[in-house]
Amino acid sequence: MKVLLINGSPRKQGNTFTALSEAAKQLEKHGIETEIAWIGNKPVRGCIACGQCKAKQLGKCAFDDDVCNSISEKFSTMDALIVGSPVYYGQPNGALLALIQRMCFSAGANMQNKPVAAVCLCRRGGASAAFQTLNMPFQMMNMPIVSSQYWNIAYGREEGQAALDIEGMQTMRTMADNMAWMLKKIHSGNNPDYPEREPWQPMGFIR
């Protein structure tokens, strides 16, 4: 089993990386492989709802000029996902949100049934709002949300300060323990017994 952790901070070795690394180390104690992918600090385009990924059955975004498709390809071989973001004005990093939106549109079938967790890092406030925002796309993708003893939040301003947040780091480890438990339950047999679901019936309210 393998978990992809996406570092959604423009700072490669910042506090988001610190929190994700704590979770990764705990997952590895359970015998689960991990990989941390960094979105970088270059622009990530938002989804424009062109529909080409579905119309042409690409399985990826029609635009291939940023990290979206390369990270989506990494995730296609993974069993679970953890996304981490700093908090900007009460919201996650916009580049990470854009990446998640495009992954959901273009590779949604590959995301279904895979456990997922969101992690937010902040200096002082806004983390709970950012945490809720990050979780919302996954709730629409039939992805089991992995919880912890508290919301998956840690605090720190300067690089590496999050490691001093004792409760925050414990929250990361507990989340990782819960994800490991869920993965082992799901993959305890050769064929995971996923629930059967009705075909999606999207509906507009304006007629």
# chains A, B, ... in the order shown; residues from 1 in each chain; ligands from 1

call {"tool": "residues_around", "arguments": {"residues": "stretch 123-128 of chain A", "least_positions_apart": "4", "cutoff": "10 Å", "atoms": "only C-alpha atoms", "output": "MDAnalysis selection string"}}
result
chainID A and resid 15 85:92 119 132:134 151:158 161:162

call {"tool": "write_last_selection", "arguments": {"atoms": "C-alpha atoms", "output": "short mmCIF file (atom, residue, chain, number, x, y, z; two decimals), in the first residue's frame"}}
result
data_model
loop_
_atom_site.label_atom_id
_atom_site.label_comp_id
_atom_site.auth_asym_id
_atom_site.auth_seq_id
_atom_site.Cartn_x
_atom_site.Cartn_y
_atom_site.Cartn_z
CA ASN A 15 5.45 23.99 7.99
CA SER A 85 -1.91 23.56 2.64
CA PRO A 86 -0.95 26.74 4.43
CA VAL A 87 -3.78 29.12 5.26
CA TYR A 88 -4.09 32.38 3.33
CA TYR A 89 -6.85 34.72 4.50
CA GLY A 90 -8.87 31.80 5.88
CA GLN A 91 -8.51 29.72 2.71
CA PRO A 92 -6.12 27.05 1.37
CA VAL A 119 -4.09 19.05 6.62
CA GLN A 132 -13.49 22.53 5.55
CA THR A 133 -12.85 23.96 2.08
CA LEU A 134 -10.24 21.32 1.30
CA TRP A 151 -9.19 18.72 13.10
CA ASN A 152 -6.00 18.09 11.10
CA ILE A 153 -4.51 21.48 11.96
CA ALA A 154 -1.10 22.60 13.18
CA TYR A 155 0.38 25.98 13.99
CA GLY A 156 3.61 27.73 13.11
CA ARG A 157 4.88 30.79 11.26
CA GLU A 158 8.60 30.41 10.64
CA GLN A 161 7.95 25.90 13.84
CA ALA A 162 5.04 23.49 13.42
#

call {"tool": "residues_around", "arguments": {"residues": "A:Leu97", "least_positions_apart": "4", "cutoff": "12 Å", "atoms": "only C-alpha atoms", "output": "PDB file with N, CA and C atoms, in the first residue's frame"}}
result
ATOM      1  N   ILE A   6       0.431  15.438  -0.861  1.00  0.00           N
ATOM      2  CA  ILE A   6       0.671  16.597  -1.721  1.00  0.00           C
ATOM      3  C   ILE A   6       0.954  17.816  -0.852  1.00  0.00           C
ATOM      4  N   ASN A   7       2.148  18.350  -1.009  1.00  0.00           N
ATOM      5  CA  ASN A   7       2.545  19.567  -0.301  1.00  0.00           C
ATOM      6  C   ASN A   7       2.062  20.758  -1.113  1.00  0.00           C
ATOM      7  N   GLY A   8       0.982  21.371  -0.678  1.00  0.00           N
ATOM      8  CA  GLY A   8       0.373  22.474  -1.400  1.00  0.00           C
ATOM      9  C   GLY A   8       0.888  23.834  -1.000  1.00  0.00           C
ATOM     10  N   SER A   9       2.090  23.898  -0.457  1.00  0.00           N
ATOM     11  CA  SER A   9       2.681  25.176  -0.075  1.00  0.00           C
ATOM     12  C   SER A   9       3.734  25.584  -1.096  1.00  0.00           C
ATOM     13  N   ILE A  39       3.795  20.826  -5.111  1.00  0.00           N
ATOM     14  CA  ILE A  39       3.175  21.480  -6.269  1.00  0.00           C
ATOM     15  C   ILE A  39       4.066  22.581  -6.851  1.00  0.00           C
ATOM     16  N   PRO A  43       2.605  28.903 -11.392  1.00  0.00           N
ATOM     17  CA  PRO A  43       1.139  28.934 -11.479  1.00  0.00           C
ATOM     18  C   PRO A  43       0.536  27.570 -11.802  1.00  0.00           C
ATOM     19  N   VAL A  44      -0.617  27.315 -11.187  1.00  0.00           N
ATOM     20  CA  VAL A  44      -1.426  26.135 -11.512  1.00  0.00           C
ATOM     21  C   VAL A  44      -2.767  26.655 -12.002  1.00  0.00           C
ATOM     22  N   ARG A  45      -3.097  26.361 -13.243  1.00  0.00           N
ATOM     23  CA  ARG A  45      -4.334  26.914 -13.808  1.00  0.00           C
ATOM     24  C   ARG A  45      -5.553  26.257 -13.167  1.00  0.00           C
ATOM     25  N   GLY A  46      -6.623  27.030 -13.063  1.00  0.00           N
ATOM     26  CA  GLY A  46      -7.872  26.505 -12.553  1.00  0.00           C
ATOM     27  C   GLY A  46      -8.645  25.764 -13.633  1.00  0.00           C
ATOM     28  N   CYS A  47      -9.592  24.935 -13.222  1.00  0.00           N
ATOM     29  CA  CYS A  47     -10.440  24.237 -14.177  1.00  0.00           C
ATOM     30  C   CYS A  47     -11.356  25.256 -14.871  1.00  0.00           C
ATOM     31  N   CYS A  68      -0.416  19.495 -12.735  1.00  0.00           N
ATOM     32  CA  CYS A  68      -1.652  18.743 -12.479  1.00  0.00           C
ATOM     33  C   CYS A  68      -1.575  17.303 -12.987  1.00  0.00           C
ATOM     34  N   VAL A  83      -3.615  15.737   1.487  1.00  0.00           N
ATOM     35  CA  VAL A  83      -3.256  17.036   0.922  1.00  0.00           C
ATOM     36  C   VAL A  83      -3.021  18.022   2.063  1.00  0.00           C
ATOM     37  N   GLY A  84      -1.982  18.826   1.920  1.00  0.00           N
ATOM     38  CA  GLY A  84      -1.658  19.799   2.954  1.00  0.00           C
ATOM     39  C   GLY A  84      -1.515  21.187   2.370  1.00  0.00           C
ATOM     40  N   SER A  85      -1.966  22.184   3.132  1.00  0.00           N
ATOM     41  CA  SER A  85      -1.912  23.557   2.637  1.00  0.00           C
ATOM     42  C   SER A  85      -1.681  24.541   3.776  1.00  0.00           C
ATOM     43  N   PRO A  86      -0.950  25.608   3.503  1.00  0.00           N
ATOM     44  CA  PRO A  86      -0.950  26.744   4.425  1.00  0.00           C
ATOM     45  C   PRO A  86      -2.278  27.482   4.306  1.00  0.00           C
ATOM     46  N   VAL A  87      -2.532  28.356   5.250  1.00  0.00           N
ATOM     47  CA  VAL A  87      -3.775  29.124   5.259  1.00  0.00           C
ATOM     48  C   VAL A  87      -3.479  30.554   4.831  1.00  0.00           C
ATOM     49  N   GLN A  91      -8.293  30.674   3.795  1.00  0.00           N
ATOM     50  CA  GLN A  91      -8.510  29.719   2.706  1.00  0.00           C
ATOM     51  C   GLN A  91      -7.221  28.954   2.410  1.00  0.00           C
ATOM     52  N   PRO A  92      -7.333  27.767   1.785  1.00  0.00           N
ATOM     53  CA  PRO A  92      -6.121  27.055   1.369  1.00  0.00           C
ATOM     54  C   PRO A  92      -5.439  27.792   0.223  1.00  0.00           C
ATOM     55  N   ASN A  93      -4.228  27.392  -0.070  1.00  0.00           N
ATOM     56  CA  ASN A  93      -3.511  27.948  -1.211  1.00  0.00           C
ATOM     57  C   ASN A  93      -4.325  27.706  -2.480  1.00  0.00           C
ATOM     58  N   GLN A 101      -9.403  20.515  -7.904  1.00  0.00           N
ATOM     59  CA  GLN A 101     -10.583  20.626  -8.762  1.00  0.00           C
ATOM     60  C   GLN A 101     -10.364  19.924 -10.088  1.00  0.00           C
ATOM     61  N   ARG A 102      -9.204  20.128 -10.692  1.00  0.00           N
ATOM     62  CA  ARG A 102      -8.932  19.502 -11.988  1.00  0.00           C
ATOM     63  C   ARG A 102      -8.764  17.991 -11.856  1.00  0.00           C
ATOM     64  N   MET A 103      -8.176  17.552 -10.764  1.00  0.00           N
ATOM     65  CA  MET A 103      -8.067  16.104 -10.535  1.00  0.00           C
ATOM     66  C   MET A 103      -9.453  15.476 -10.412  1.00  0.00           C
ATOM     67  N   CYS A 104     -10.338  16.149  -9.706  1.00  0.00           N
ATOM     68  CA  CYS A 104     -11.700  15.623  -9.529  1.00  0.00           C
ATOM     69  C   CYS A 104     -12.433  15.545 -10.861  1.00  0.00           C
ATOM     70  N   ALA A 118      -7.168  15.871   4.730  1.00  0.00           N
ATOM     71  CA  ALA A 118      -6.657  17.216   4.487  1.00  0.00           C
ATOM     72  C   ALA A 118      -5.942  17.707   5.737  1.00  0.00           C
ATOM     73  N   ALA A 130     -10.301  26.793   6.190  1.00  0.00           N
ATOM     74  CA  ALA A 130      -9.504  26.233   5.095  1.00  0.00           C
ATOM     75  C   ALA A 130      -9.624  24.711   5.079  1.00  0.00           C
ATOM     76  N   PHE A 131      -9.630  24.100   6.245  1.00  0.00           N
ATOM     77  CA  PHE A 131      -9.763  22.644   6.373  1.00  0.00           C
ATOM     78  C   PHE A 131     -11.095  22.172   5.788  1.00  0.00           C
ATOM     79  N   THR A 133     -12.892  23.730   3.522  1.00  0.00           N
ATOM     80  CA  THR A 133     -12.853  23.959   2.081  1.00  0.00           C
ATOM     81  C   THR A 133     -12.124  22.829   1.367  1.00  0.00           C
ATOM     82  N   LEU A 134     -11.000  22.394   1.922  1.00  0.00           N
ATOM     83  CA  LEU A 134     -10.240  21.318   1.298  1.00  0.00           C
ATOM     84  C   LEU A 134     -11.019  19.998   1.273  1.00  0.00           C
ATOM     85  N   ASN A 135     -11.793  19.743   2.307  1.00  0.00           N
ATOM     86  CA  ASN A 135     -12.518  18.470   2.382  1.00  0.00           C
ATOM     87  C   ASN A 135     -13.716  18.392   1.443  1.00  0.00           C
ATOM     88  N   MET A 136     -14.282  19.526   1.065  1.00  0.00           N
ATOM     89  CA  MET A 136     -15.534  19.502   0.307  1.00  0.00           C
ATOM     90  C   MET A 136     -15.437  18.771  -1.032  1.00  0.00           C
ATOM     91  N   PRO A 137     -14.384  18.967  -1.840  1.00  0.00           N
ATOM     92  CA  PRO A 137     -14.330  18.211  -3.096  1.00  0.00           C
ATOM     93  C   PRO A 137     -14.292  16.703  -2.875  1.00  0.00           C
ATOM     94  N   PHE A 138     -13.579  16.262  -1.848  1.00  0.00           N
ATOM     95  CA  PHE A 138     -13.437  14.832  -1.606  1.00  0.00           C
ATOM     96  C   PHE A 138     -14.757  14.195  -1.165  1.00  0.00           C
TER      97      PHE A 138
END

call {"tool": "residues_around", "arguments": {"residues": "stretch 173-175 of chain A", "least_positions_apart": "5", "cutoff": "10 Å", "atoms": "only C-alpha atoms", "output": "ChimeraX atom specification"}}
result
/A:19-27,82,117-119,146-152,167-168,180-181

call {"tool": "residues_around", "arguments": {"residues": "A:Gly108", "least_positions_apart": "6", "cutoff": "12 Å", "atoms": "only C-alpha atoms", "output": "number ranges by chain"}}
result
A: 53-54, 57-61, 72, 75-76, 100-102, 114, 137-143

call {"tool": "write_last_selection", "arguments": {"atoms": "N, CA, C and O atoms", "output": "short mmCIF file (atom, residue, chain, number, x, y, z; two decimals), in the first residue's frame"}}
result
data_model
loop_
_atom_site.label_atom_id
_atom_site.label_comp_id
_atom_site.auth_asym_id
_atom_site.auth_seq_id
_atom_site.Cartn_x
_atom_site.Cartn_y
_atom_site.Cartn_z
N CYS A 53 -11.69 16.66 -20.96
CA CYS A 53 -11.18 15.46 -20.29
C CYS A 53 -12.21 14.33 -20.36
O CYS A 53 -11.85 13.16 -20.50
N LYS A 54 -13.50 14.69 -20.30
CA LYS A 54 -14.56 13.69 -20.38
C LYS A 54 -14.92 13.38 -21.84
O LYS A 54 -15.05 12.22 -22.23
N GLN A 57 -12.31 11.41 -23.28
CA GLN A 57 -11.92 10.31 -22.39
C GLN A 57 -10.41 10.28 -22.17
O GLN A 57 -9.76 9.24 -22.29
N LEU A 58 -9.87 11.43 -21.84
CA LEU A 58 -8.43 11.56 -21.69
C LEU A 58 -7.92 10.90 -20.40
O LEU A 58 -6.79 10.43 -20.35
N GLY A 59 -8.76 10.93 -19.36
CA GLY A 59 -8.30 10.45 -18.07
C GLY A 59 -7.33 11.41 -17.41
O GLY A 59 -6.72 11.11 -16.39
N LYS A 60 -7.17 12.57 -18.00
CA LYS A 60 -6.33 13.62 -17.45
C LYS A 60 -6.84 14.95 -17.97
O LYS A 60 -7.71 14.99 -18.85
N CYS A 61 -6.28 16.05 -17.45
CA CYS A 61 -6.70 17.37 -17.90
C CYS A 61 -6.20 17.63 -19.32
O CYS A 61 -5.10 17.20 -19.70
N SER A 72 -1.51 13.85 -10.88
CA SER A 72 -2.62 12.91 -11.08
C SER A 72 -2.11 11.53 -11.46
O SER A 72 -2.63 10.51 -11.01
N PHE A 75 -0.84 9.77 -8.46
CA PHE A 75 -1.92 9.31 -7.60
C PHE A 75 -2.62 8.08 -8.17
O PHE A 75 -3.19 7.28 -7.42
N SER A 76 -2.57 7.87 -9.47
CA SER A 76 -3.27 6.74 -10.09
C SER A 76 -2.76 5.40 -9.57
O SER A 76 -3.47 4.39 -9.63
N ILE A 100 -6.71 20.27 -7.11
CA ILE A 100 -7.71 19.30 -6.65
C ILE A 100 -8.94 19.32 -7.54
O ILE A 100 -9.49 18.27 -7.91
N GLN A 101 -9.40 20.51 -7.90
CA GLN A 101 -10.58 20.63 -8.76
C GLN A 101 -10.36 19.92 -10.09
O GLN A 101 -11.22 19.19 -10.58
N ARG A 102 -9.20 20.13 -10.69
CA ARG A 102 -8.93 19.50 -11.99
C ARG A 102 -8.76 17.99 -11.86
O ARG A 102 -9.16 17.23 -12.75
N LYS A 114 -10.91 5.77 -2.38
CA LYS A 114 -9.59 5.89 -1.77
C LYS A 114 -9.65 6.83 -0.56
O LYS A 114 -10.16 7.95 -0.66
N PRO A 137 -14.38 18.97 -1.84
CA PRO A 137 -14.33 18.21 -3.10
C PRO A 137 -14.29 16.70 -2.88
O PRO A 137 -14.91 15.94 -3.63
N PHE A 138 -13.58 16.26 -1.85
CA PHE A 138 -13.44 14.83 -1.61
C PHE A 138 -14.76 14.19 -1.17
O PHE A 138 -15.01 13.03 -1.44
N GLN A 139 -15.59 14.98 -0.49
CA GLN A 139 -16.89 14.47 -0.07
C GLN A 139 -17.80 14.21 -1.26
O GLN A 139 -18.76 13.45 -1.16
N MET A 140 -17.50 14.84 -2.40
CA MET A 140 -18.29 14.63 -3.62
C MET A 140 -17.74 13.49 -4.47
O MET A 140 -18.34 13.11 -5.48
N MET A 141 -16.58 12.95 -4.09
CA MET A 141 -15.91 11.95 -4.92
C MET A 141 -16.00 10.54 -4.33
O MET A 141 -15.27 9.64 -4.75
N ASN A 142 -16.88 10.32 -3.36
CA ASN A 142 -16.99 9.01 -2.71
C ASN A 142 -15.67 8.56 -2.11
O ASN A 142 -15.30 7.38 -2.17
N MET A 143 -14.95 9.51 -1.52
CA MET A 143 -13.68 9.19 -0.86
C MET A 143 -13.89 9.21 0.65
O MET A 143 -14.35 10.22 1.20
#

call {"tool": "select_by_dssp", "arguments": {"residues": "stretch 64-188 of chain A", "states": "strand (DSSP E or B)", "output": "list in words"}}
result
Ala80, Leu81, Ile82, Val83, Gly84, Ser85, Pro86, Val87, Tyr88, Gln91, Pro92, Val116, Ala117, Ala118, Val119, Cys120, Leu121, Cys122, Ile145, Ile153, Ala154 and Tyr155 of chain A

call {"tool": "atom_distance", "arguments": {"atom1": "atom CA of A:Leu121", "atom2": "atom CA of A:Met179"}}
result
19.4 Å

call {"tool": "closest_residue", "arguments": {"among": "A:Asn41, A:Val116, A:Ser106, A:Ile166", "to": "A:Lys56", "atoms": "only C-alpha atoms"}}
result
A:Ser106

call {"tool": "closest_residue", "arguments": {"among": "A:Pro192, A:Gly40, A:Pro115, A:Pro199", "to": "A:Val67", "atoms": "only C-alpha atoms"}}
result
A:Gly40

call {"tool": "select_by_dssp", "arguments": {"residues": "stretch 35-183 of chain A", "states": "alpha helix (DSSP H)", "output": "ChimeraX atom specification"}}
result
/A:52-55,68-75,94-111,127-139,166-183

call {"tool": "write_last_selection", "arguments": {"atoms": "C-alpha atoms", "output": "PDB file, in the first residue's frame"}}
result
ATOM      1  CA  GLN A  52     -12.497  17.908 -22.881  1.00  0.00           C
ATOM      2  CA  CYS A  53     -11.182  15.459 -20.295  1.00  0.00           C
ATOM      3  CA  LYS A  54     -14.556  13.685 -20.379  1.00  0.00           C
ATOM      4  CA  ALA A  55     -15.487  14.236 -24.038  1.00  0.00           C
ATOM      5  CA  CYS A  68      -1.652  18.743 -12.479  1.00  0.00           C
ATOM      6  CA  ASN A  69      -1.304  15.774 -14.803  1.00  0.00           C
ATOM      7  CA  SER A  70       2.021  14.621 -13.401  1.00  0.00           C
ATOM      8  CA  ILE A  71       0.585  14.569  -9.863  1.00  0.00           C
ATOM      9  CA  SER A  72      -2.621  12.907 -11.085  1.00  0.00           C
ATOM     10  CA  GLU A  73      -0.500  10.214 -12.719  1.00  0.00           C
ATOM     11  CA  LYS A  74       1.369   9.627  -9.461  1.00  0.00           C
ATOM     12  CA  PHE A  75      -1.923   9.307  -7.605  1.00  0.00           C
ATOM     13  CA  GLY A  94      -5.394  28.647  -4.458  1.00  0.00           C
ATOM     14  CA  ALA A  95      -2.912  26.626  -6.517  1.00  0.00           C
ATOM     15  CA  LEU A  96      -3.672  23.502  -4.469  1.00  0.00           C
ATOM     16  CA  LEU A  97      -7.421  24.068  -4.776  1.00  0.00           C
ATOM     17  CA  ALA A  98      -7.073  24.430  -8.542  1.00  0.00           C
ATOM     18  CA  LEU A  99      -5.101  21.187  -8.683  1.00  0.00           C
ATOM     19  CA  ILE A 100      -7.710  19.301  -6.645  1.00  0.00           C
ATOM     20  CA  GLN A 101     -10.583  20.626  -8.762  1.00  0.00           C
ATOM     21  CA  ARG A 102      -8.932  19.502 -11.988  1.00  0.00           C
ATOM     22  CA  MET A 103      -8.067  16.104 -10.535  1.00  0.00           C
ATOM     23  CA  CYS A 104     -11.700  15.623  -9.529  1.00  0.00           C
ATOM     24  CA  PHE A 105     -12.969  16.569 -12.991  1.00  0.00           C
ATOM     25  CA  SER A 106     -10.461  14.646 -15.065  1.00  0.00           C
ATOM     26  CA  ALA A 107      -9.559  11.636 -12.926  1.00  0.00           C
ATOM     27  CA  GLY A 108     -12.529  11.345 -10.600  1.00  0.00           C
ATOM     28  CA  ALA A 109     -13.136   7.643 -11.219  1.00  0.00           C
ATOM     29  CA  ASN A 110      -9.619   6.903 -10.025  1.00  0.00           C
ATOM     30  CA  MET A 111     -10.242   8.797  -6.780  1.00  0.00           C
ATOM     31  CA  ALA A 127      -7.376  26.943   9.650  1.00  0.00           C
ATOM     32  CA  SER A 128     -10.800  25.412  10.347  1.00  0.00           C
ATOM     33  CA  ALA A 129     -12.359  27.277   7.393  1.00  0.00           C
ATOM     34  CA  ALA A 130      -9.504  26.233   5.095  1.00  0.00           C
ATOM     35  CA  PHE A 131      -9.763  22.644   6.373  1.00  0.00           C
ATOM     36  CA  GLN A 132     -13.490  22.527   5.546  1.00  0.00           C
ATOM     37  CA  THR A 133     -12.853  23.959   2.081  1.00  0.00           C
ATOM     38  CA  LEU A 134     -10.240  21.318   1.298  1.00  0.00           C
ATOM     39  CA  ASN A 135     -12.518  18.470   2.382  1.00  0.00           C
ATOM     40  CA  MET A 136     -15.534  19.502   0.307  1.00  0.00           C
ATOM     41  CA  PRO A 137     -14.330  18.211  -3.096  1.00  0.00           C
ATOM     42  CA  PHE A 138     -13.437  14.832  -1.606  1.00  0.00           C
ATOM     43  CA  GLN A 139     -16.889  14.468  -0.072  1.00  0.00           C
ATOM     44  CA  ILE A 166       3.043  19.109  20.259  1.00  0.00           C
ATOM     45  CA  GLU A 167      -0.712  18.596  19.907  1.00  0.00           C
ATOM     46  CA  GLY A 168      -0.634  19.382  16.190  1.00  0.00           C
ATOM     47  CA  MET A 169       2.052  16.776  15.532  1.00  0.00           C
ATOM     48  CA  GLN A 170       0.160  14.241  17.633  1.00  0.00           C
ATOM     49  CA  THR A 171      -2.927  14.997  15.547  1.00  0.00           C
ATOM     50  CA  MET A 172      -0.930  14.217  12.385  1.00  0.00           C
ATOM     51  CA  ARG A 173       0.248  10.905  13.823  1.00  0.00           C
ATOM     52  CA  THR A 174      -3.234   9.929  14.949  1.00  0.00           C
ATOM     53  CA  MET A 175      -4.621  10.763  11.511  1.00  0.00           C
ATOM     54  CA  ALA A 176      -1.905   8.590   9.964  1.00  0.00           C
ATOM     55  CA  ASP A 177      -2.748   5.751  12.368  1.00  0.00           C
ATOM     56  CA  ASN A 178      -6.404   5.998  11.380  1.00  0.00           C
ATOM     57  CA  MET A 179      -5.531   6.021   7.672  1.00  0.00           C
ATOM     58  CA  ALA A 180      -3.309   2.970   8.084  1.00  0.00           C
ATOM     59  CA  TRP A 181      -6.098   1.150   9.913  1.00  0.00           C
ATOM     60  CA  MET A 182      -8.614   2.031   7.204  1.00  0.00           C
ATOM     61  CA  LEU A 183      -6.281   0.973   4.398  1.00  0.00           C
TER      62      LEU A 183
END

call {"tool": "closest_residue", "arguments": {"among": "A:Glu196, A:Glu28, A:Glu33, A:Asp66", "to": "A:Gln112", "atoms": "only C-alpha atoms"}}
result
A:Glu196

call {"tool": "closest_residue", "arguments": {"among": "A:Gly160, A:Lys29, A:Lys184, A:Leu81", "to": "A:Lys12", "atoms": "only C-alpha atoms"}}
result
A:Gly160
